[in-house]
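Engineer: Let me begin by handing over the structure; questions about it come next.
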Amino acid sequence: MSNSKNTDIETMVINLGKQAKLAAKVLASATTEQKNQALTVAADALRQNTPALLEANALDVLSVLQAGKAESFVDRLKLTPERIEAMAVALEDIAKLPDPVGRSLAEFDRPNGLKITRVSTPIGVIGMIYESRPNVGADAGALCLKSGNSVILRGGSESLNSTRIIVDCMATGLRAANLPATCIQLVDTDDRSAVAALLRCAEYVDLVIPRGGRGLVELVRNEAQVPTLLHLDGNNHIYIDKDADLAKALSVVNNAKLRRTGVCGATESLVVDQAIAAEFLPQLVNTLKDCEIRGDKAAQACDERIIAANDADWDTEYLDAILSVKVVSGLEEALNFIDDHSSKHTDAIITENADTAEVFMRAVDSAVVMHNASTQFADGGEFGMGAEIGIATGKIHARGPVGLEQLTIFKYRVAGQGQIRP
């Protein structure tokens with residue numbers, strides 16, 4: 001690529017940053033009514049533009065099919081009338097949620113008469129970098145809008161046609177509410193250098209959130225000059241304890257693995273107590289007929305249809321109809337295995353033993369831990385957040401589904417009557 005082209009993209013991103021910063025100042029003072037109006041009008045715009053959005057999405061899907069992408073990748077990209085309606089409903093759900101800006105988080109009086117209040121405020125300008133799933137643009141735009149942040153969207157090049165329509169619908173809502181359309185902007189290029197330019201835009205961007213595979217997250221982690229809220233891949237585990245209800249376990253695992261294989265909440269690895277492995281695993285293979293199951297030697301000994309796993313399987317987020325199975329001697333080995341191989345996104349235990357479940361929930365150091373439930377519930381919408389901008393797997397500022405509350409920070413307001421410090 002020529003230096004002049006790099007310079008042009010850098011200039012484009014800087015200009016987006018400047019406009020986003022100005023828009024953020026307006027949005028920080030917007031009323032709850034304005035923000036809700038923008039969201040509800042945008043939801044209507046999505047519905048009205050469903051034919052155009054489906055047409056644009058068909059171009060995106062055709063492109064990835066011609067490129068030979070995996071079926072799970074195509075599923076993440078593809079929009080249907082039902083998925084567009086779900087996007088619109090998510091915007092309306094976010095409009096119904098309490099405004100996270102201006103909340104009093106703590107109040108305390110000092111002996112000298114100062115009154116100090118910790119108040120929630122927007123972060124400012126969010127840079128959102130994501131792959132394939134066009135609905136992420138709608139969710140991220142809506143969450144940033146309601147939380148008082150402007151956002152620069154850099155979606156995957158494969159979803160660019162779809163994302164343009166979505167951003168236009170969001171702009172329709174913003175204009176209706178007398179808010180700048182530049183509150184939600186798109187990096188409208190498929191040039192990969194735009195990602196690096198956004199990561200360097202520290203003068204105007206306050207936080208970058210990547211949502212995608214390990215490659216994208218590692219790129220952001222290694223190159224960002226802007227603070228980041230990282231969302232690592234979803235190498236999620238379910239531990240089937242010796243005291244599990246096996247019918248319940250089969251139902252949960254079937255949903256957790258196969259409901260949608262291409263989402264980050266899908267289970268990728270099963271850890272099974274040896275006490276019930278011989279009974280459970282043949283039933284598992286029968287239940288997951290459309291899933292390739294790879295296991296260690298102990299798992300293979302339980303059912304000859306299980307093929308041999310290799311070391312790489314334990315650390316792989318398949319995003320496909322593939323499941324790895326590890327047989328363990330008990331809870332302690334299960335905890336150690338999960339600690340070694342989990343991406344710290346979501347891990348679950350299936351057991352009827354409340355004490356065992358409590359030990360697991362305390363010991364597993366992941367953003368979301370579950371008992372007797374599908375890992376596919378690891379989702380902001382399912383948590384009552386309306387939607388999510390991603391699942392944060394780090395330990396600073398936010399963890400788990402990132403919704404409205406996690407997209408605010410705070411400041412201290414101090415009220416005095418002329419006090420001076422001795």
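Chain labels A, B, ... are given in the sequence in which chains occur in the structure tokens; within each chain residues are numbered consecutively from 1, and ligands are likewise numbered from 1 in the order shown.
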Neighbouring residues of Leu145 (chain A) were defined as those with any atom within 9 Å, considering only C-alpha atoms; residues of the same chain fewer than 2 positions away were excluded. Please report them as a list in words.
Structural biologist: Leu27, Lys35, Ala38, Leu39, Ala140, Gly141, Ala142, Leu143, Ser147, Gly148, Asn149, Ser150, Val151, Cys183 and Ile184 of chain A
Engineer: Keeping only all heavy atoms, take the residues you just selected and write them out as an mmCIF file, in the first residue's frame.
Structural biologist:
```cif
data_model
loop_
_atom_site.group_PDB
_atom_site.id
_atom_site.type_symbol
_atom_site.label_atom_id
_atom_site.label_comp_id
_atom_site.auth_asym_id
_atom_site.auth_seq_id
_atom_site.Cartn_x
_atom_site.Cartn_y
_atom_site.Cartn_z
ATOM 1 N N LEU A 27 -24.045 14.855 23.240
ATOM 2 C CA LEU A 27 -24.774 13.681 23.726
ATOM 3 C C LEU A 27 -24.701 13.564 25.245
ATOM 4 O O LEU A 27 -25.652 13.091 25.886
ATOM 5 C CB LEU A 27 -24.193 12.424 23.068
ATOM 6 C CG LEU A 27 -24.964 11.117 23.235
ATOM 7 C CD1 LEU A 27 -26.408 11.279 22.799
ATOM 8 C CD2 LEU A 27 -24.283 10.014 22.436
ATOM 9 N N LYS A 35 -32.699 10.628 23.942
ATOM 10 C CA LYS A 35 -32.008 9.380 23.634
ATOM 11 C C LYS A 35 -33.008 8.261 23.343
ATOM 12 O O LYS A 35 -32.820 7.472 22.395
ATOM 13 C CB LYS A 35 -31.073 9.003 24.789
ATOM 14 C CG LYS A 35 -29.896 9.964 24.935
ATOM 15 C CD LYS A 35 -28.883 9.529 25.982
ATOM 16 C CE LYS A 35 -29.345 9.730 27.383
ATOM 17 N NZ LYS A 35 -28.277 9.476 28.380
ATOM 18 N N ALA A 38 -34.522 8.762 19.884
ATOM 19 C CA ALA A 38 -33.584 8.352 18.835
ATOM 20 C C ALA A 38 -33.602 6.839 18.655
ATOM 21 O O ALA A 38 -33.564 6.329 17.528
ATOM 22 C CB ALA A 38 -32.176 8.832 19.181
ATOM 23 N N LEU A 39 -33.675 6.115 19.754
ATOM 24 C CA LEU A 39 -33.660 4.650 19.681
ATOM 25 C C LEU A 39 -34.945 4.098 19.084
ATOM 26 O O LEU A 39 -34.918 3.178 18.258
ATOM 27 C CB LEU A 39 -33.439 4.076 21.084
ATOM 28 C CG LEU A 39 -32.035 4.282 21.660
ATOM 29 C CD1 LEU A 39 -32.004 3.931 23.142
ATOM 30 C CD2 LEU A 39 -31.014 3.454 20.903
ATOM 31 N N ALA A 140 -24.182 -1.939 19.494
ATOM 32 C CA ALA A 140 -23.148 -1.033 20.005
ATOM 33 C C ALA A 140 -23.599 0.417 19.876
ATOM 34 O O ALA A 140 -23.426 1.225 20.810
ATOM 35 C CB ALA A 140 -21.835 -1.254 19.261
ATOM 36 N N GLY A 141 -24.178 0.757 18.726
ATOM 37 C CA GLY A 141 -24.650 2.123 18.550
ATOM 38 C C GLY A 141 -25.713 2.489 19.565
ATOM 39 O O GLY A 141 -25.701 3.586 20.140
ATOM 40 N N ALA A 142 -26.649 1.574 19.808
ATOM 41 C CA ALA A 142 -27.738 1.850 20.742
ATOM 42 C C ALA A 142 -27.238 1.977 22.180
ATOM 43 O O ALA A 142 -27.642 2.872 22.921
ATOM 44 C CB ALA A 142 -28.791 0.751 20.648
ATOM 45 N N LEU A 143 -26.362 1.063 22.577
ATOM 46 C CA LEU A 143 -25.842 1.099 23.945
ATOM 47 C C LEU A 143 -24.998 2.351 24.187
ATOM 48 O O LEU A 143 -25.091 2.977 25.253
ATOM 49 C CB LEU A 143 -25.021 -0.160 24.227
ATOM 50 C CG LEU A 143 -25.824 -1.453 24.366
ATOM 51 C CD1 LEU A 143 -24.897 -2.667 24.332
ATOM 52 C CD2 LEU A 143 -26.641 -1.456 25.656
ATOM 53 N N SER A 147 -26.002 5.420 26.783
ATOM 54 C CA SER A 147 -25.048 5.706 27.865
ATOM 55 C C SER A 147 -24.298 7.016 27.654
ATOM 56 O O SER A 147 -23.373 7.328 28.406
ATOM 57 C CB SER A 147 -24.050 4.556 28.015
ATOM 58 O OG SER A 147 -23.342 4.330 26.801
ATOM 59 N N GLY A 148 -24.697 7.779 26.627
ATOM 60 C CA GLY A 148 -24.138 9.117 26.436
ATOM 61 C C GLY A 148 -22.806 9.165 25.723
ATOM 62 O O GLY A 148 -22.146 10.205 25.728
ATOM 63 N N ASN A 149 -22.412 8.064 25.086
ATOM 64 C CA ASN A 149 -21.138 8.019 24.372
ATOM 65 C C ASN A 149 -21.356 8.091 22.864
ATOM 66 O O ASN A 149 -22.291 7.480 22.337
ATOM 67 C CB ASN A 149 -20.411 6.699 24.673
ATOM 68 C CG ASN A 149 -20.108 6.520 26.147
ATOM 69 O OD1 ASN A 149 -19.250 7.191 26.700
ATOM 70 N ND2 ASN A 149 -20.831 5.611 26.790
ATOM 71 N N SER A 150 -20.493 8.798 22.167
ATOM 72 C CA SER A 150 -20.479 8.666 20.718
ATOM 73 C C SER A 150 -19.634 7.446 20.368
ATOM 74 O O SER A 150 -18.807 6.997 21.169
ATOM 75 C CB SER A 150 -19.906 9.921 20.050
ATOM 76 O OG SER A 150 -18.552 10.120 20.408
ATOM 77 N N VAL A 151 -19.851 6.887 19.176
ATOM 78 C CA VAL A 151 -19.153 5.655 18.820
ATOM 79 C C VAL A 151 -18.720 5.693 17.363
ATOM 80 O O VAL A 151 -19.437 6.205 16.493
ATOM 81 C CB VAL A 151 -20.036 4.410 19.089
ATOM 82 C CG1 VAL A 151 -21.296 4.427 18.243
ATOM 83 C CG2 VAL A 151 -19.257 3.123 18.864
ATOM 84 N N CYS A 183 -23.016 11.136 16.183
ATOM 85 C CA CYS A 183 -22.922 10.349 17.421
ATOM 86 C C CYS A 183 -22.590 8.888 17.108
ATOM 87 O O CYS A 183 -21.993 8.196 17.936
ATOM 88 C CB CYS A 183 -24.235 10.413 18.200
ATOM 89 S SG CYS A 183 -24.577 12.014 18.958
ATOM 90 N N ILE A 184 -23.034 8.410 15.936
ATOM 91 C CA ILE A 184 -22.757 7.030 15.510
ATOM 92 C C ILE A 184 -22.195 7.097 14.102
ATOM 93 O O ILE A 184 -22.918 7.440 13.147
ATOM 94 C CB ILE A 184 -24.032 6.160 15.544
ATOM 95 C CG1 ILE A 184 -24.619 6.135 16.958
ATOM 96 C CG2 ILE A 184 -23.729 4.742 15.065
ATOM 97 C CD1 ILE A 184 -25.972 5.457 17.047
#
```
Engineer: Residues of region 25-137 of chain A within 12 Å of region 213-229 of chain A: nearest atom pair and distance (Å, one decimal) for each, counting only C-alpha atoms, sorted by chain and number, as JSON lines?
Structural biologist:
```
{"residue": "A:Phe73", "atom": "CA", "partner": "A:Gly213", "partner_atom": "CA", "distance": 11.2}
{"residue": "A:Ile123", "atom": "CA", "partner": "A:Pro227", "partner_atom": "CA", "distance": 11.2}
{"residue": "A:Val125", "atom": "CA", "partner": "A:Val226", "partner_atom": "CA", "distance": 10.9}
{"residue": "A:Ile126", "atom": "CA", "partner": "A:Thr228", "partner_atom": "CA", "distance": 9.6}
{"residue": "A:Gly127", "atom": "CA", "partner": "A:Thr228", "partner_atom": "CA", "distance": 9.2}
{"residue": "A:Met128", "atom": "CA", "partner": "A:Leu229", "partner_atom": "CA", "distance": 10.0}
{"residue": "A:Ile129", "atom": "CA", "partner": "A:Leu216", "partner_atom": "CA", "distance": 8.6}
{"residue": "A:Tyr130", "atom": "CA", "partner": "A:Leu216", "partner_atom": "CA", "distance": 8.2}
{"residue": "A:Glu131", "atom": "CA", "partner": "A:Gly213", "partner_atom": "CA", "distance": 7.9}
{"residue": "A:Ser132", "atom": "CA", "partner": "A:Gly213", "partner_atom": "CA", "distance": 10.3}
{"residue": "A:Arg133", "atom": "CA", "partner": "A:Gly213", "partner_atom": "CA", "distance": 11.9}
```
Engineer: Taking only C-alpha atoms into account, which of A:Lys18, A:Glu85, A:Ile94, A:Ile116 comes nearest Val414 (chain A)?
Structural biologist: A:Ile116
Engineer: Find the residues near Ser159 (chain A): any atom within 10 Å, counting only C-alpha atoms, skip ones fewer than 2 places away on the same chain, and give them as a PDB file with N, CA and C atoms, in the first residue's frame.
Structural biologist:
```pdb
ATOM      1  N   ALA A  56     -28.739  -5.700   0.861  1.00  0.00           N
ATOM      2  CA  ALA A  56     -27.334  -5.401   1.128  1.00  0.00           C
ATOM      3  C   ALA A  56     -26.638  -6.589   1.776  1.00  0.00           C
ATOM      4  N   ASN A  57     -27.342  -7.234   2.689  1.00  0.00           N
ATOM      5  CA  ASN A  57     -26.766  -8.387   3.374  1.00  0.00           C
ATOM      6  C   ASN A  57     -26.537  -9.551   2.420  1.00  0.00           C
ATOM      7  N   ALA A  58     -27.417  -9.703   1.444  1.00  0.00           N
ATOM      8  CA  ALA A  58     -27.240 -10.778   0.462  1.00  0.00           C
ATOM      9  C   ALA A  58     -25.937 -10.599  -0.306  1.00  0.00           C
ATOM     10  N   LEU A  59     -25.563  -9.347  -0.598  1.00  0.00           N
ATOM     11  CA  LEU A  59     -24.285  -9.084  -1.259  1.00  0.00           C
ATOM     12  C   LEU A  59     -23.128  -9.492  -0.359  1.00  0.00           C
ATOM     13  N   ASP A  60     -23.236  -9.182   0.931  1.00  0.00           N
ATOM     14  CA  ASP A  60     -22.188  -9.563   1.886  1.00  0.00           C
ATOM     15  C   ASP A  60     -22.061 -11.082   1.973  1.00  0.00           C
ATOM     16  N   VAL A  61     -23.193 -11.754   2.078  1.00  0.00           N
ATOM     17  CA  VAL A  61     -23.184 -13.215   2.203  1.00  0.00           C
ATOM     18  C   VAL A  61     -22.612 -13.861   0.948  1.00  0.00           C
ATOM     19  N   SER A  63     -20.456 -12.688  -1.057  1.00  0.00           N
ATOM     20  CA  SER A  63     -19.011 -12.473  -1.083  1.00  0.00           C
ATOM     21  C   SER A  63     -18.275 -13.501  -0.226  1.00  0.00           C
ATOM     22  N   VAL A  64     -18.790 -13.787   0.971  1.00  0.00           N
ATOM     23  CA  VAL A  64     -18.094 -14.739   1.845  1.00  0.00           C
ATOM     24  C   VAL A  64     -18.292 -16.176   1.378  1.00  0.00           C
ATOM     25  N   LEU A  77     -22.943 -13.806   9.864  1.00  0.00           N
ATOM     26  CA  LEU A  77     -23.100 -12.658   8.970  1.00  0.00           C
ATOM     27  C   LEU A  77     -24.539 -12.486   8.476  1.00  0.00           C
ATOM     28  N   LYS A  78     -25.239 -13.588   8.305  1.00  0.00           N
ATOM     29  CA  LYS A  78     -26.519 -13.557   7.606  1.00  0.00           C
ATOM     30  C   LYS A  78     -27.624 -12.898   8.430  1.00  0.00           C
ATOM     31  N   TYR A 130     -15.263  -4.786  15.263  1.00  0.00           N
ATOM     32  CA  TYR A 130     -15.909  -6.095  15.358  1.00  0.00           C
ATOM     33  C   TYR A 130     -15.874  -6.795  14.011  1.00  0.00           C
ATOM     34  N   GLU A 131     -16.194  -8.077  14.040  1.00  0.00           N
ATOM     35  CA  GLU A 131     -16.130  -8.915  12.855  1.00  0.00           C
ATOM     36  C   GLU A 131     -17.498  -9.495  12.515  1.00  0.00           C
ATOM     37  N   SER A 132     -17.788  -9.598  11.279  1.00  0.00           N
ATOM     38  CA  SER A 132     -18.857 -10.381  10.652  1.00  0.00           C
ATOM     39  C   SER A 132     -20.290 -10.048  11.074  1.00  0.00           C
ATOM     40  N   ARG A 133     -20.619 -10.033  12.347  1.00  0.00           N
ATOM     41  CA  ARG A 133     -22.026  -9.932  12.748  1.00  0.00           C
ATOM     42  C   ARG A 133     -22.526  -8.492  12.646  1.00  0.00           C
ATOM     43  N   PRO A 134     -23.343  -8.170  11.628  1.00  0.00           N
ATOM     44  CA  PRO A 134     -23.777  -6.778  11.450  1.00  0.00           C
ATOM     45  C   PRO A 134     -24.650  -6.256  12.577  1.00  0.00           C
ATOM     46  N   ASN A 135     -25.370  -7.148  13.278  1.00  0.00           N
ATOM     47  CA  ASN A 135     -26.225  -6.668  14.367  1.00  0.00           C
ATOM     48  C   ASN A 135     -25.424  -6.038  15.498  1.00  0.00           C
ATOM     49  N   GLY A 155     -16.761  -2.142  11.508  1.00  0.00           N
ATOM     50  CA  GLY A 155     -17.204  -3.514  11.351  1.00  0.00           C
ATOM     51  C   GLY A 155     -16.309  -4.270  10.396  1.00  0.00           C
ATOM     52  N   GLY A 156     -16.505  -5.577  10.320  1.00  0.00           N
ATOM     53  CA  GLY A 156     -15.730  -6.386   9.406  1.00  0.00           C
ATOM     54  C   GLY A 156     -16.006  -6.002   7.966  1.00  0.00           C
ATOM     55  N   SER A 157     -14.992  -6.110   7.128  1.00  0.00           N
ATOM     56  CA  SER A 157     -15.156  -5.750   5.720  1.00  0.00           C
ATOM     57  C   SER A 157     -16.234  -6.592   5.061  1.00  0.00           C
ATOM     58  N   ASN A 161     -21.647  -3.699   3.532  1.00  0.00           N
ATOM     59  CA  ASN A 161     -22.901  -3.275   2.900  1.00  0.00           C
ATOM     60  C   ASN A 161     -24.056  -3.242   3.902  1.00  0.00           C
ATOM     61  N   SER A 162     -24.128  -4.261   4.743  1.00  0.00           N
ATOM     62  CA  SER A 162     -25.184  -4.323   5.762  1.00  0.00           C
ATOM     63  C   SER A 162     -25.029  -3.196   6.771  1.00  0.00           C
ATOM     64  N   THR A 163     -23.782  -2.958   7.201  1.00  0.00           N
ATOM     65  CA  THR A 163     -23.542  -1.978   8.256  1.00  0.00           C
ATOM     66  C   THR A 163     -23.880  -0.568   7.801  1.00  0.00           C
ATOM     67  N   ARG A 164     -23.664  -0.271   6.529  1.00  0.00           N
ATOM     68  CA  ARG A 164     -24.028   1.059   6.016  1.00  0.00           C
ATOM     69  C   ARG A 164     -25.517   1.337   6.212  1.00  0.00           C
ATOM     70  N   ASP A 190     -13.029  -0.953   3.578  1.00  0.00           N
ATOM     71  CA  ASP A 190     -12.641  -2.321   3.911  1.00  0.00           C
ATOM     72  C   ASP A 190     -11.127  -2.457   4.055  1.00  0.00           C
TER      73      ASP A 190
END
```
Engineer: Work out how far CA of Ile391 (chain A) is from CA of Asp233 (chain A), in Å to one decimal.
Structural biologist: 9.3 Å
Engineer: DSSP on the backbone, then: every residue of region 152-347 of chain A marked alpha helix (DSSP H), written as a VMD selection string.
Structural biologist: chain A and resid 160 to 176 193 to 199 214 to 223 246 to 258 274 to 287 297 to 302 331 to 341
Engineer: Extract, using only C-alpha atoms, all DNA, RNA and protein residues at most 9 Å from Thr32 (chain A), discarding same-chain residues fewer than 6 positions from it, and format them as a list in words.
Structural biologist: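 Once the adjacent positions are removed, what remains is Ala95, Pro98, Asp99, Val101 and Lys146 of chain A.
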Engineer: So that I have them on file, write out the residues from the current selection with C-alpha atoms, as a PDB file, in the first residue's frame.
Structural biologist:
```
ATOM      1  CA  ALA A  95     -34.900   2.653  25.354  1.00  0.00           C
ATOM      2  CA  PRO A  98     -33.107   3.381  33.103  1.00  0.00           C
ATOM      3  CA  ASP A  99     -30.723   6.080  31.933  1.00  0.00           C
ATOM      4  CA  VAL A 101     -25.973   8.753  33.178  1.00  0.00           C
ATOM      5  CA  LYS A 146     -28.198   5.530  25.699  1.00  0.00           C
TER       6      LYS A 146
END
```
Engineer: Applying 9 Å and only C-alpha atoms, which residues near Asp340 (chain A) remain after dropping the ones on its own chain fewer than 4 positions away? List them as a VMD selection string.
Structural biologist: chain A and resid 315 335 to 336
Engineer: Export N, CA, C and O atoms of the chosen residues as a PDB file, in the first residue's frame?
Structural biologist:
```pdb
ATOM      1  N   ASP A 315      -7.638 -26.135  23.480  1.00  0.00           N
ATOM      2  CA  ASP A 315      -7.535 -24.673  23.467  1.00  0.00           C
ATOM      3  C   ASP A 315      -8.224 -24.041  22.262  1.00  0.00           C
ATOM      4  O   ASP A 315      -7.976 -22.880  21.943  1.00  0.00           O
ATOM      5  N   LEU A 335     -11.419 -28.627  37.803  1.00  0.00           N
ATOM      6  CA  LEU A 335     -11.087 -27.226  38.037  1.00  0.00           C
ATOM      7  C   LEU A 335      -9.722 -26.879  37.463  1.00  0.00           C
ATOM      8  O   LEU A 335      -9.538 -25.816  36.853  1.00  0.00           O
ATOM      9  N   ASN A 336      -8.754 -27.770  37.639  1.00  0.00           N
ATOM     10  CA  ASN A 336      -7.410 -27.514  37.113  1.00  0.00           C
ATOM     11  C   ASN A 336      -7.418 -27.484  35.588  1.00  0.00           C
ATOM     12  O   ASN A 336      -6.761 -26.637  34.963  1.00  0.00           O
TER      13      ASN A 336
END
```
Engineer: Which residue, A:Ile9, A:Val119, A:Ala266, A:Ala86, has the smallest gap to Lys411 (chain A) when you use only C-alpha atoms?
Structural biologist: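 Nearest candidate to Lys411 (chain A) out of A:Ile9, A:Val119, A:Ala266, A:Ala86: A:Val119.
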Engineer: Could you pull out the strand (DSSP E or B) residues of region 177-385 of chain A, going by DSSP on the backbone, and write them as a ChimeraX atom specification?
Structural biologist: /A:184-186,207-211,228,236-240,267-273,292-295,307-308,322-328,346-350,368-371
Engineer: Grab the residues selected above and save them as a PDB file, in the first residue's frame with C-alpha atoms.
Structural biologist:
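Result file follows (out-v1.pdb):
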```pdb
ATOM      1  CA  ILE A 184     -22.757   7.030  15.510  1.00  0.00           C
ATOM      2  CA  GLN A 185     -20.237   6.902  12.668  1.00  0.00           C
ATOM      3  CA  LEU A 186     -18.891   4.210  10.384  1.00  0.00           C
ATOM      4  CA  LEU A 207     -11.839   3.522  24.725  1.00  0.00           C
ATOM      5  CA  VAL A 208     -11.560   0.794  22.084  1.00  0.00           C
ATOM      6  CA  ILE A 209     -13.664  -2.361  22.367  1.00  0.00           C
ATOM      7  CA  PRO A 210     -12.802  -5.259  20.038  1.00  0.00           C
ATOM      8  CA  ARG A 211     -15.347  -7.995  19.442  1.00  0.00           C
ATOM      9  CA  THR A 228      -9.081  -1.124  25.602  1.00  0.00           C
ATOM     10  CA  ASN A 236     -16.234 -22.337  27.138  1.00  0.00           C
ATOM     11  CA  HIS A 237     -16.490 -25.501  29.243  1.00  0.00           C
ATOM     12  CA  ILE A 238     -19.232 -27.504  30.896  1.00  0.00           C
ATOM     13  CA  TYR A 239     -18.271 -29.890  33.700  1.00  0.00           C
ATOM     14  CA  ILE A 240     -20.590 -32.891  34.087  1.00  0.00           C
ATOM     15  CA  THR A 267     -19.715 -24.570  24.632  1.00  0.00           C
ATOM     16  CA  GLU A 268     -16.550 -25.905  23.021  1.00  0.00           C
ATOM     17  CA  SER A 269     -15.267 -28.391  25.601  1.00  0.00           C
ATOM     18  CA  LEU A 270     -16.933 -30.910  27.875  1.00  0.00           C
ATOM     19  CA  VAL A 271     -15.311 -32.126  31.090  1.00  0.00           C
ATOM     20  CA  VAL A 272     -16.841 -35.362  32.401  1.00  0.00           C
ATOM     21  CA  ASP A 273     -16.383 -37.106  35.740  1.00  0.00           C
ATOM     22  CA  GLU A 292     -18.181 -34.269  15.723  1.00  0.00           C
ATOM     23  CA  ILE A 293     -16.949 -35.330  19.155  1.00  0.00           C
ATOM     24  CA  ARG A 294     -13.245 -35.497  19.896  1.00  0.00           C
ATOM     25  CA  GLY A 295     -12.020 -37.003  23.143  1.00  0.00           C
ATOM     26  CA  ILE A 307     -12.479 -39.664  17.595  1.00  0.00           C
ATOM     27  CA  ALA A 308      -9.059 -38.896  19.068  1.00  0.00           C
ATOM     28  CA  ILE A 322     -17.289 -29.899  17.024  1.00  0.00           C
ATOM     29  CA  LEU A 323     -16.950 -30.678  20.738  1.00  0.00           C
ATOM     30  CA  SER A 324     -13.899 -31.817  22.695  1.00  0.00           C
ATOM     31  CA  VAL A 325     -14.363 -34.154  25.686  1.00  0.00           C
ATOM     32  CA  LYS A 326     -11.997 -34.673  28.607  1.00  0.00           C
ATOM     33  CA  VAL A 327     -12.626 -37.329  31.275  1.00  0.00           C
ATOM     34  CA  VAL A 328     -11.378 -36.374  34.750  1.00  0.00           C
ATOM     35  CA  THR A 346     -18.114 -18.631  30.436  1.00  0.00           C
ATOM     36  CA  ASP A 347     -17.867 -21.990  32.200  1.00  0.00           C
ATOM     37  CA  ALA A 348     -20.618 -24.128  33.730  1.00  0.00           C
ATOM     38  CA  ILE A 349     -21.232 -27.110  35.985  1.00  0.00           C
ATOM     39  CA  ILE A 350     -24.090 -29.602  35.787  1.00  0.00           C
ATOM     40  CA  VAL A 368     -19.505 -15.797  33.844  1.00  0.00           C
ATOM     41  CA  VAL A 369     -19.947 -19.044  35.803  1.00  0.00           C
ATOM     42  CA  MET A 370     -23.150 -21.071  35.617  1.00  0.00           C
ATOM     43  CA  HIS A 371     -24.872 -23.915  37.419  1.00  0.00           C
TER      44      HIS A 371
END
```
Engineer: Restricting the calculation to only C-alpha atoms, which member of A:Val253, A:Leu114, A:Ile14, A:Val136 is positioned closest to Glu203 (chain A)?
Structural biologist: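 Of the candidates, the smallest distance to Glu203 (chain A) is held by A:Ile14.
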Engineer: Quick one, how far is CA of Phe377 (chain A) from CA of Asn255 (chain A)?
Structural biologist: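 CA of Asn255 (chain A) lies at a distance of 10.1 Å from CA of Phe377 (chain A).
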Engineer: Figure out the distance between CA of Arg76 (chain A) and CA of Tyr318 (chain A), please, to one decimal in Å.
Structural biologist: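 Calculated distance between CA of Tyr318 (chain A) and CA of Arg76 (chain A) is 13.6 Å.
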